[in-house]
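Data from upload-v6.txt: compact mmCIF, C-alpha atoms
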```txt
# COMPACT_ATOMS: atom_id res chain seq x y z
CA MET C 1 22.10 -1.11 13.51
CA SER C 2 19.34 1.53 13.31
CA TYR C 3 16.04 1.07 15.10
CA SER C 4 14.15 0.91 11.79
CA THR C 5 16.44 -1.88 10.56
CA GLU C 6 15.92 -3.73 13.84
CA LEU C 7 12.17 -3.42 13.36
CA LEU C 8 12.37 -4.75 9.82
CA ASP C 9 14.45 -7.71 10.99
CA SER C 10 11.89 -8.30 13.72
CA ALA C 11 9.09 -8.28 11.13
CA VAL C 12 10.92 -10.91 9.09
CA ALA C 13 11.58 -13.07 12.17
CA THR C 14 7.97 -12.82 13.33
CA SER C 15 6.64 -13.76 9.90
CA HIS C 16 8.78 -16.92 10.02
CA VAL C 17 7.75 -18.12 13.48
CA TYR C 18 6.49 -21.70 13.41
CA PRO C 19 3.68 -22.60 13.70
CA GLN C 20 2.56 -19.66 11.64
CA THR C 21 -0.49 -17.95 13.07
CA GLN C 22 -2.66 -15.00 12.11
CA ALA C 23 -1.35 -13.26 15.22
CA ASN C 24 2.25 -13.57 14.04
CA LEU C 25 1.43 -12.49 10.50
CA ARG C 26 -0.46 -9.46 11.81
CA ARG C 27 2.39 -8.52 14.14
CA ALA C 28 4.81 -8.80 11.22
CA VAL C 29 2.74 -6.40 9.09
CA SER C 30 2.43 -3.91 11.92
CA THR C 31 6.15 -4.07 12.68
CA ALA C 32 7.06 -3.66 9.00
CA TYR C 33 4.94 -0.51 8.90
CA TYR C 34 6.63 0.94 11.95
CA ALA C 35 10.01 0.14 10.44
CA LEU C 36 9.18 2.45 7.54
CA PHE C 37 7.50 5.01 9.79
CA HIS C 38 10.56 5.38 12.01
CA PHE C 39 12.92 5.22 9.06
CA LEU C 40 11.27 8.24 7.41
CA ALA C 41 10.88 10.11 10.69
CA ASP C 42 14.58 9.58 11.44
CA GLU C 43 15.55 10.80 7.99
CA ALA C 44 13.47 13.94 8.47
CA CYS C 45 14.70 14.57 12.00
CA GLY C 46 18.28 14.14 10.82
CA ASN C 47 17.88 17.47 9.05
CA TRP C 48 17.31 19.21 12.37
CA ILE C 49 20.57 20.84 13.36
CA GLY C 50 20.28 20.29 17.12
CA PRO C 51 20.63 16.58 17.98
CA GLU C 52 19.14 17.07 21.44
CA GLN C 53 15.78 18.04 19.91
CA ARG C 54 15.60 15.27 17.32
CA ARG C 55 14.01 12.73 19.64
CA LYS C 56 11.30 15.19 20.60
CA LEU C 57 10.77 16.20 17.00
CA SER C 58 10.23 12.58 15.99
CA ARG C 59 7.15 12.54 18.22
CA ALA C 60 5.55 15.30 16.16
CA PHE C 61 4.89 13.01 13.20
CA GLU C 62 1.24 12.10 12.69
CA HIS C 63 0.10 9.03 10.80
CA LYS C 64 -2.69 10.81 8.93
CA GLN C 65 -0.46 13.67 7.80
CA MET C 66 2.18 11.20 6.63
CA SER C 67 -0.43 9.13 4.81
CA ASP C 68 -1.92 12.14 3.03
CA ALA C 69 1.50 13.42 2.01
CA SER C 70 2.55 9.99 0.77
CA LYS C 71 -0.66 9.57 -1.20
CA ARG C 72 -0.16 12.93 -2.92
CA CYS C 73 3.43 12.09 -3.71
CA ALA C 74 2.59 8.63 -5.05
CA GLY C 75 -0.13 10.12 -7.24
CA ARG C 76 2.15 12.82 -8.57
CA TYR C 77 4.79 10.30 -9.65
CA GLU C 78 2.59 7.33 -10.55
CA ASN C 79 3.71 7.41 -14.18
CA ALA C 80 7.33 8.40 -13.64
CA LEU C 81 9.90 6.68 -15.83
CA ALA C 82 11.54 3.67 -14.18
CA GLY C 83 15.00 4.38 -12.81
CA THR C 84 14.39 8.08 -12.24
CA PRO C 85 14.40 9.72 -8.79
CA GLU C 86 10.68 10.36 -9.25
CA SER C 87 10.04 6.65 -9.76
CA ASP C 88 12.15 5.73 -6.73
CA LEU C 89 10.32 8.27 -4.58
CA HIS C 90 7.02 6.87 -5.81
CA SER C 91 8.11 3.45 -4.50
CA VAL C 92 8.82 4.89 -1.06
CA ALA C 93 5.64 6.97 -0.79
CA SER C 94 3.41 4.25 -2.18
CA ALA C 95 4.87 1.67 0.20
CA PHE C 96 4.15 3.97 3.13
CA TYR C 97 0.51 4.60 2.47
CA GLN C 98 -0.19 1.01 1.46
CA LEU C 99 1.50 -0.25 4.63
CA GLN C 100 -0.34 2.17 6.84
CA ARG C 101 -3.66 0.83 5.64
CA ARG C 102 -2.47 -2.75 6.12
CA ARG C 103 -1.20 -1.97 9.60
CA HIS C 104 -4.61 -0.66 10.54
CA THR C 105 -6.23 -3.82 9.17
CA ALA C 106 -3.67 -6.03 10.90
CA ASP C 107 -4.18 -4.39 14.27
CA CYS C 108 -7.89 -3.59 14.20
CA ASP C 109 -9.85 -5.61 11.64
CA LEU C 110 -10.18 -9.27 12.54
CA SER C 111 -12.56 -9.93 9.64
CA LYS C 112 -9.58 -9.96 7.23
CA VAL C 113 -7.26 -12.94 6.83
CA PHE C 114 -3.55 -12.53 6.05
CA SER C 115 -1.57 -14.89 3.83
CA ASP C 116 2.20 -15.60 3.78
CA ASN C 117 2.70 -13.90 0.45
CA GLU C 118 0.77 -10.79 1.43
CA VAL C 119 2.99 -10.36 4.47
CA ASP C 120 6.18 -11.16 2.54
CA LEU C 121 5.20 -8.53 -0.03
CA ASP C 122 4.72 -5.96 2.72
CA ILE C 123 8.15 -6.70 4.12
CA ARG C 124 9.66 -6.68 0.63
CA SER C 125 8.14 -3.26 -0.08
CA VAL C 126 9.71 -1.81 3.07
CA ARG C 127 13.09 -3.30 2.19
CA ASN C 128 12.75 -1.81 -1.30
CA ALA C 129 11.81 1.58 0.17
CA PHE C 130 14.97 1.57 2.32
CA THR C 131 17.08 0.79 -0.76
CA LYS C 132 15.41 3.36 -3.01
CA TRP C 133 15.72 6.03 -0.35
CA GLY C 134 19.44 5.47 -0.22
CA VAL C 135 19.61 6.38 -3.90
CA ILE C 136 17.46 9.53 -3.76
CA GLN C 137 17.89 10.89 -0.24
CA ASN C 138 19.79 13.96 -1.40
CA GLU C 139 17.42 14.81 -4.24
CA GLN C 140 15.29 17.92 -3.81
CA ILE C 141 12.06 15.96 -4.35
CA ALA C 142 13.04 13.53 -1.59
CA GLN C 143 13.72 16.36 0.83
CA ASP C 144 10.44 18.02 -0.16
CA TYR C 145 8.70 14.74 0.58
CA LEU C 146 10.25 14.56 4.07
CA PHE C 147 9.09 18.11 4.73
CA SER C 148 5.55 17.25 3.61
CA LEU C 149 5.42 14.35 6.08
CA LEU C 150 5.58 16.81 8.95
CA PHE C 151 4.12 20.05 7.65
CA LYS C 152 0.77 20.66 5.97
CA GLU C 153 0.62 22.45 2.64
CA ARG C 154 -0.69 26.02 2.98
CA MET B 1 -36.25 6.83 -2.41
CA SER B 2 -37.66 6.22 -5.90
CA ASP B 3 -36.91 3.05 -7.87
CA CYS B 4 -34.91 5.15 -10.30
CA THR B 5 -32.78 6.73 -7.58
CA SER B 6 -32.29 3.34 -5.99
CA ALA B 7 -31.06 1.89 -9.27
CA ILE B 8 -28.58 4.72 -9.71
CA MET B 9 -27.25 4.25 -6.18
CA GLU B 10 -26.58 0.60 -6.95
CA VAL B 11 -24.07 1.40 -9.68
CA MET B 12 -22.49 4.53 -8.28
CA ALA B 13 -20.56 5.42 -5.18
CA LEU B 14 -19.94 8.93 -3.92
CA THR B 15 -16.37 10.15 -3.57
CA ALA B 16 -14.74 13.54 -3.06
CA ALA B 17 -14.37 13.79 -6.84
CA GLY B 18 -18.05 12.97 -7.47
CA PHE B 19 -19.95 9.82 -8.33
CA VAL B 20 -18.06 6.72 -9.38
CA ASN B 21 -19.60 4.48 -11.98
CA GLU B 22 -18.97 0.91 -10.89
CA ALA B 23 -19.61 -0.39 -14.40
CA ALA B 24 -16.64 1.63 -15.61
CA ILE B 25 -14.51 0.25 -12.80
CA ASP B 26 -15.66 -3.27 -13.66
CA SER B 27 -14.59 -2.77 -17.27
CA ALA B 28 -11.21 -1.44 -16.19
CA VAL B 29 -10.65 -4.39 -13.88
CA ARG B 30 -11.56 -6.89 -16.61
CA ARG B 31 -9.09 -5.20 -18.99
CA VAL B 32 -6.29 -5.58 -16.45
CA GLU B 33 -7.27 -9.21 -15.82
CA ASP B 34 -7.02 -9.90 -19.55
CA LEU B 35 -3.77 -7.99 -19.85
CA PHE B 36 -2.06 -10.07 -17.17
CA ALA B 37 -3.65 -13.47 -17.83
CA PRO B 38 -2.69 -16.23 -17.16
CA GLN B 39 -0.53 -14.88 -14.30
CA VAL B 40 -3.60 -13.13 -12.92
CA VAL B 41 -6.48 -15.51 -12.25
CA GLN B 42 -9.00 -13.08 -10.79
CA ILE B 43 -9.29 -9.50 -9.57
CA GLN B 44 -12.01 -8.52 -7.12
CA TYR B 45 -12.56 -5.18 -5.45
CA THR B 46 -14.57 -3.47 -2.74
CA LEU B 47 -15.57 0.18 -2.64
CA GLU B 48 -15.51 1.37 0.94
CA ASN B 49 -14.27 4.09 3.24
CA ASN B 50 -10.79 3.58 4.62
CA HIS B 51 -9.84 3.90 8.30
CA TYR B 52 -9.89 7.70 7.97
CA GLY B 53 -13.30 7.69 6.32
CA ASP B 54 -11.87 8.54 2.90
CA PRO B 55 -13.41 6.85 -0.17
CA SER B 56 -11.26 3.94 -1.24
CA ILE B 57 -11.11 0.88 -3.41
CA SER B 58 -9.47 -2.31 -2.15
CA PHE B 59 -8.33 -4.70 -4.87
CA ARG B 60 -7.84 -8.40 -4.19
CA ILE B 61 -5.64 -9.95 -6.86
CA LEU B 62 -5.42 -13.73 -7.12
CA VAL B 63 -2.34 -14.88 -9.03
CA SER B 64 -1.28 -18.29 -10.30
CA ASP B 65 1.29 -20.25 -8.32
CA ASP B 66 3.61 -20.08 -11.34
CA ALA B 67 3.60 -16.30 -11.07
CA ALA B 68 4.91 -16.42 -7.53
CA HIS B 69 7.83 -18.87 -7.41
CA ASP B 70 9.66 -16.41 -5.19
CA ILE B 71 8.79 -13.15 -3.50
CA ASP B 72 10.92 -11.02 -5.84
CA GLN B 73 9.02 -12.32 -8.85
CA LEU B 74 5.68 -11.66 -7.16
CA TYR B 75 6.83 -8.23 -6.01
CA GLU B 76 7.77 -7.11 -9.53
CA LEU B 77 4.51 -8.48 -10.93
CA SER B 78 2.47 -6.81 -8.19
CA LYS B 79 3.97 -3.40 -8.99
CA LYS B 80 2.97 -3.74 -12.65
CA ILE B 81 -0.56 -4.88 -11.85
CA SER B 82 -1.13 -2.18 -9.24
CA HIS B 83 0.11 0.46 -11.67
CA ALA B 84 -2.20 -0.86 -14.41
CA LEU B 85 -5.21 -0.89 -12.09
CA ILE B 86 -4.56 2.67 -10.91
CA ASN B 87 -4.32 3.93 -14.48
CA GLU B 88 -7.14 1.86 -15.99
CA ALA B 89 -9.59 2.48 -13.15
CA GLN B 90 -8.38 6.11 -12.84
CA THR B 91 -8.44 5.88 -9.08
CA TYR B 92 -6.65 9.19 -8.46
CA GLU B 93 -8.95 11.03 -10.85
CA LYS B 94 -11.97 9.53 -9.10
CA GLY B 95 -10.73 10.53 -5.67
CA LEU B 96 -10.35 6.93 -4.55
CA ASP B 97 -7.52 5.68 -2.37
CA ALA B 98 -6.43 2.41 -3.97
CA TYR B 99 -5.18 -0.51 -1.88
CA PHE B 100 -3.89 -3.86 -3.08
CA SER B 101 -3.68 -7.38 -1.68
CA TYR B 102 -2.06 -10.28 -3.52
CA ARG B 103 -2.24 -13.99 -2.88
CA THR B 104 -1.76 -17.18 -4.81
CA VAL B 105 -4.30 -19.80 -5.82
CA SER B 106 -2.76 -22.39 -3.49
CA GLU B 107 -2.83 -19.95 -0.58
CA GLN B 108 -6.50 -19.25 -1.16
CA GLU B 109 -7.25 -22.98 -1.41
CA LYS B 110 -5.64 -23.41 1.99
CA LEU B 111 -7.24 -20.35 3.63
CA ARG B 112 -10.70 -20.69 2.04
CA ASP B 113 -11.22 -16.99 2.67
CA PRO B 114 -14.81 -16.04 1.70
CA MET B 115 -13.63 -12.50 0.80
CA TRP B 116 -11.56 -14.04 -2.00
CA LYS B 117 -14.10 -16.50 -3.45
```

For the structure just supplied, provide its representation as structure tokens.
Amino acid sequence: MSYSTELLDSAVATSHVYPQTQANLRRAVSTAYYALFHFLADEACGNWIGPEQRRKLSRAFEHKQMSDASKRCAGRYENALAGTPESDLHSVASAFYQLQRRRHTADCDLSKVFSDNEVDLDIRSVRNAFTKWGVIQNEQIAQDYLFSLLFKER
Amino acid sequence: MSDCTSAIMEVMALTAAGFVNEAAIDSAVRRVEDLFAPQVVQIQYTLENNHYGDPSISFRILVSDDAAHDIDQLYELSKKISHALINEAQTYEKGLDAYFSYRTVSEQEKLRDPMWK
């Protein structure tokens, strides 16, 4: 089982801990975000030919860069036809930048309250992103997206 | 600041793309509420800067319990509503990062969250 899948399973388990607390719900959101973060980083690093450098390369990813790239991608394909690679990529990119914001709120903003459904939706969006990525991972636009997560446009 | 300037500031927020007219956003939000009624009970929003300091709009969408019998149903509905809000409020064109939170009426009754009143 991959680390990102383990993280997603952990998010589900944490969200179901009884009694349910804000602490558990917040941990679940944060873990769901990192499941998607590491999933995308692993996919990008998998393109690096030397396996011994992949671990180091995965540390080069920056949250802000990934958020900006995902936002641009989601905006570009907001009105893509359902069932197309563009639409699937939109689901992945949109999930990432939505989750990043929610992770920040979950970890840093105690003025916000989390509900069961909000957290379940976050987890569902990550699960959907994993599935959609499996469909489009070899598409050029998907590979371009991975590249944009690590490198700024010039 | 003059009274006139003050009045303008009340209805507009500054983003990278220029000033945002909150009245136009209000109208867009009401259209989406109508479009998705009765599944959508209420949509509220806050204009703010996100954790990077970028202009953003955070939508809080209250849905009926019937619209959320299971998470898959709520997930599909949430995608449609988010898409409609982005297009109607023209968030990308306005330079606003749009964020969405969904909860049900019964959840809000239990949580009594003042942000969602």

Between CA of Asp88 in chain C and CA of Ser82 in chain B, what distance in Å does the model show, to one decimal? 15.7 Å

Might you pull out every residue within 12 Å of Ala32 in chain C, with all atoms listed in the file counted and same-chain residues fewer than 3 positions away left off, and present them as JSON, numbers by chain? {"C": [3, 4, 5, 6, 7, 8, 9, 10, 11, 12, 13, 14, 15, 25, 26, 27, 28, 29, 35, 36, 37, 38, 39, 95, 96, 98, 99, 100, 102, 103, 106, 119, 120, 121, 122, 123, 124, 125, 126, 127, 128, 129, 130]}

Take the residues from that selection and write them out as a PDB file, keeping the file's coordinate frame, keeping C-alpha atoms.
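Everything below was put into again.pdb:
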```
ATOM      1  CA  TYR C   3      16.040   1.070  15.100  1.00  0.00           C
ATOM      2  CA  SER C   4      14.150   0.910  11.790  1.00  0.00           C
ATOM      3  CA  THR C   5      16.440  -1.880  10.560  1.00  0.00           C
ATOM      4  CA  GLU C   6      15.920  -3.730  13.840  1.00  0.00           C
ATOM      5  CA  LEU C   7      12.170  -3.420  13.360  1.00  0.00           C
ATOM      6  CA  LEU C   8      12.370  -4.750   9.820  1.00  0.00           C
ATOM      7  CA  ASP C   9      14.450  -7.710  10.990  1.00  0.00           C
ATOM      8  CA  SER C  10      11.890  -8.300  13.720  1.00  0.00           C
ATOM      9  CA  ALA C  11       9.090  -8.280  11.130  1.00  0.00           C
ATOM     10  CA  VAL C  12      10.920 -10.910   9.090  1.00  0.00           C
ATOM     11  CA  ALA C  13      11.580 -13.070  12.170  1.00  0.00           C
ATOM     12  CA  THR C  14       7.970 -12.820  13.330  1.00  0.00           C
ATOM     13  CA  SER C  15       6.640 -13.760   9.900  1.00  0.00           C
ATOM     14  CA  LEU C  25       1.430 -12.490  10.500  1.00  0.00           C
ATOM     15  CA  ARG C  26      -0.460  -9.460  11.810  1.00  0.00           C
ATOM     16  CA  ARG C  27       2.390  -8.520  14.140  1.00  0.00           C
ATOM     17  CA  ALA C  28       4.810  -8.800  11.220  1.00  0.00           C
ATOM     18  CA  VAL C  29       2.740  -6.400   9.090  1.00  0.00           C
ATOM     19  CA  ALA C  35      10.010   0.140  10.440  1.00  0.00           C
ATOM     20  CA  LEU C  36       9.180   2.450   7.540  1.00  0.00           C
ATOM     21  CA  PHE C  37       7.500   5.010   9.790  1.00  0.00           C
ATOM     22  CA  HIS C  38      10.560   5.380  12.010  1.00  0.00           C
ATOM     23  CA  PHE C  39      12.920   5.220   9.060  1.00  0.00           C
ATOM     24  CA  ALA C  95       4.870   1.670   0.200  1.00  0.00           C
ATOM     25  CA  PHE C  96       4.150   3.970   3.130  1.00  0.00           C
ATOM     26  CA  GLN C  98      -0.190   1.010   1.460  1.00  0.00           C
ATOM     27  CA  LEU C  99       1.500  -0.250   4.630  1.00  0.00           C
ATOM     28  CA  GLN C 100      -0.340   2.170   6.840  1.00  0.00           C
ATOM     29  CA  ARG C 102      -2.470  -2.750   6.120  1.00  0.00           C
ATOM     30  CA  ARG C 103      -1.200  -1.970   9.600  1.00  0.00           C
ATOM     31  CA  ALA C 106      -3.670  -6.030  10.900  1.00  0.00           C
ATOM     32  CA  VAL C 119       2.990 -10.360   4.470  1.00  0.00           C
ATOM     33  CA  ASP C 120       6.180 -11.160   2.540  1.00  0.00           C
ATOM     34  CA  LEU C 121       5.200  -8.530  -0.030  1.00  0.00           C
ATOM     35  CA  ASP C 122       4.720  -5.960   2.720  1.00  0.00           C
ATOM     36  CA  ILE C 123       8.150  -6.700   4.120  1.00  0.00           C
ATOM     37  CA  ARG C 124       9.660  -6.680   0.630  1.00  0.00           C
ATOM     38  CA  SER C 125       8.140  -3.260  -0.080  1.00  0.00           C
ATOM     39  CA  VAL C 126       9.710  -1.810   3.070  1.00  0.00           C
ATOM     40  CA  ARG C 127      13.090  -3.300   2.190  1.00  0.00           C
ATOM     41  CA  ASN C 128      12.750  -1.810  -1.300  1.00  0.00           C
ATOM     42  CA  ALA C 129      11.810   1.580   0.170  1.00  0.00           C
ATOM     43  CA  PHE C 130      14.970   1.570   2.320  1.00  0.00           C
TER      44      PHE C 130
END
```

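The spacing separating CA of Glu22 in chain B from CA of Leu111 in chain B amounts to 28.3 Å.
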
Give me, as a PyMOL selection string, all polymer residues having an atom no more than 6 Å from range 65-82 of chain C, counting all atoms listed in the file and skipping those fewer than 3 positions away in the same chain. chain C and resi 62+86-87+90+93-94+97+148-149

Keeping only C-alpha atoms, write those residues as a PDB file, keeping the file's coordinate frame.
```
ATOM      1  CA  GLU C  62       1.240  12.100  12.690  1.00  0.00           C
ATOM      2  CA  GLU C  86      10.680  10.360  -9.250  1.00  0.00           C
ATOM      3  CA  SER C  87      10.040   6.650  -9.760  1.00  0.00           C
ATOM      4  CA  HIS C  90       7.020   6.870  -5.810  1.00  0.00           C
ATOM      5  CA  ALA C  93       5.640   6.970  -0.790  1.00  0.00           C
ATOM      6  CA  SER C  94       3.410   4.250  -2.180  1.00  0.00           C
ATOM      7  CA  TYR C  97       0.510   4.600   2.470  1.00  0.00           C
ATOM      8  CA  SER C 148       5.550  17.250   3.610  1.00  0.00           C
ATOM      9  CA  LEU C 149       5.420  14.350   6.080  1.00  0.00           C
TER      10      LEU C 149
END
```

For Ile43 in chain B, work out the shell of residues within 7 Å, counting all atoms listed in the file and skipping chain neighbours fewer than 2 positions away, then give it as a list of chain:residue names.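 Everything that qualifies: B:Val29, B:Glu33, B:Tyr45, B:Phe59, B:Arg60, B:Ile61, B:Leu62.
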
Fewer than 6 positions away in the same chain doesn't count, so skip those; otherwise give me all residues within 10 Å of Glu88 in chain B, counting all atoms listed in the file, as number ranges by chain. B: 24-25, 27-32, 82

Measuring between only C-alpha atoms, which one of C:Val92, C:Ser58, C:Thr105, C:Pro19 shows the shortest distance to Thr131 in chain C? C:Val92

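Of the residues under consideration (C:Ala23, C:Leu89, C:Val17, C:Ala60), C:Leu89 shows the shortest atom-to-atom contact distance to Asn138 in chain C when counting all atoms listed in the file.
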
Kindly give the distance, in Å, that separates CA of Glu48 in chain B and CA of Ser101 in chain B, rounded to a single decimal. 14.9 Å

Closest-contact table, chain B side, partner chain C, 9 Å, counting all atoms listed in the file, as a tab-separated table:
```
residue	atom	partner	partner_atom	distance
B:Asn50	CA	C:Arg101	CA	7.7
B:His51	CA	C:His104	CA	7.3
B:Tyr52	CA	C:Lys64	CA	7.9
B:Ala68	CA	C:Asn117	CA	8.7
B:Ile71	CA	C:Leu121	CA	6.8
B:Asp72	CA	C:Arg124	CA	7.9
B:Leu74	CA	C:Leu121	CA	7.8
B:Tyr75	CA	C:Leu121	CA	6.2
B:Ser78	CA	C:Leu121	CA	8.8
B:His83	CA	C:Glu78	CA	7.4
B:Ile86	CA	C:Glu78	CA	8.5
B:Asn87	CA	C:Glu78	CA	8.6
B:Tyr92	CA	C:Gly75	CA	6.7
B:Asp97	CA	C:Lys71	CA	8.0
B:Ala98	CA	C:Gln98	CA	8.4
B:Tyr99	CA	C:Gln98	CA	6.2
B:Phe100	CA	C:Gln98	CA	7.6
B:Ser101	CA	C:Glu118	CA	6.4
B:Tyr102	CA	C:Glu118	CA	5.7
B:Arg103	CA	C:Asn117	CA	6.0
B:Thr104	CA	C:Asn117	CA	7.6
B:Glu107	CA	C:Ser115	CA	6.8
B:Gln108	CA	C:Ser115	CA	8.3
B:Leu111	CA	C:Ser115	CA	7.9
B:Asp113	CA	C:Val113	CA	7.0
B:Met115	CA	C:Lys112	CA	8.0
```

Grab all the atoms of range 83-99 of chain B that the file lists, wrap them in a box along x, y and z, add 3 Å per side, and give me centre plus edge lengths in Å (one decimal) as JSON.
```
{"center_x": -5.9, "center_y": 5.1, "center_z": -8.9, "size_x": 18.1, "size_y": 17.9, "size_z": 20.1}
```
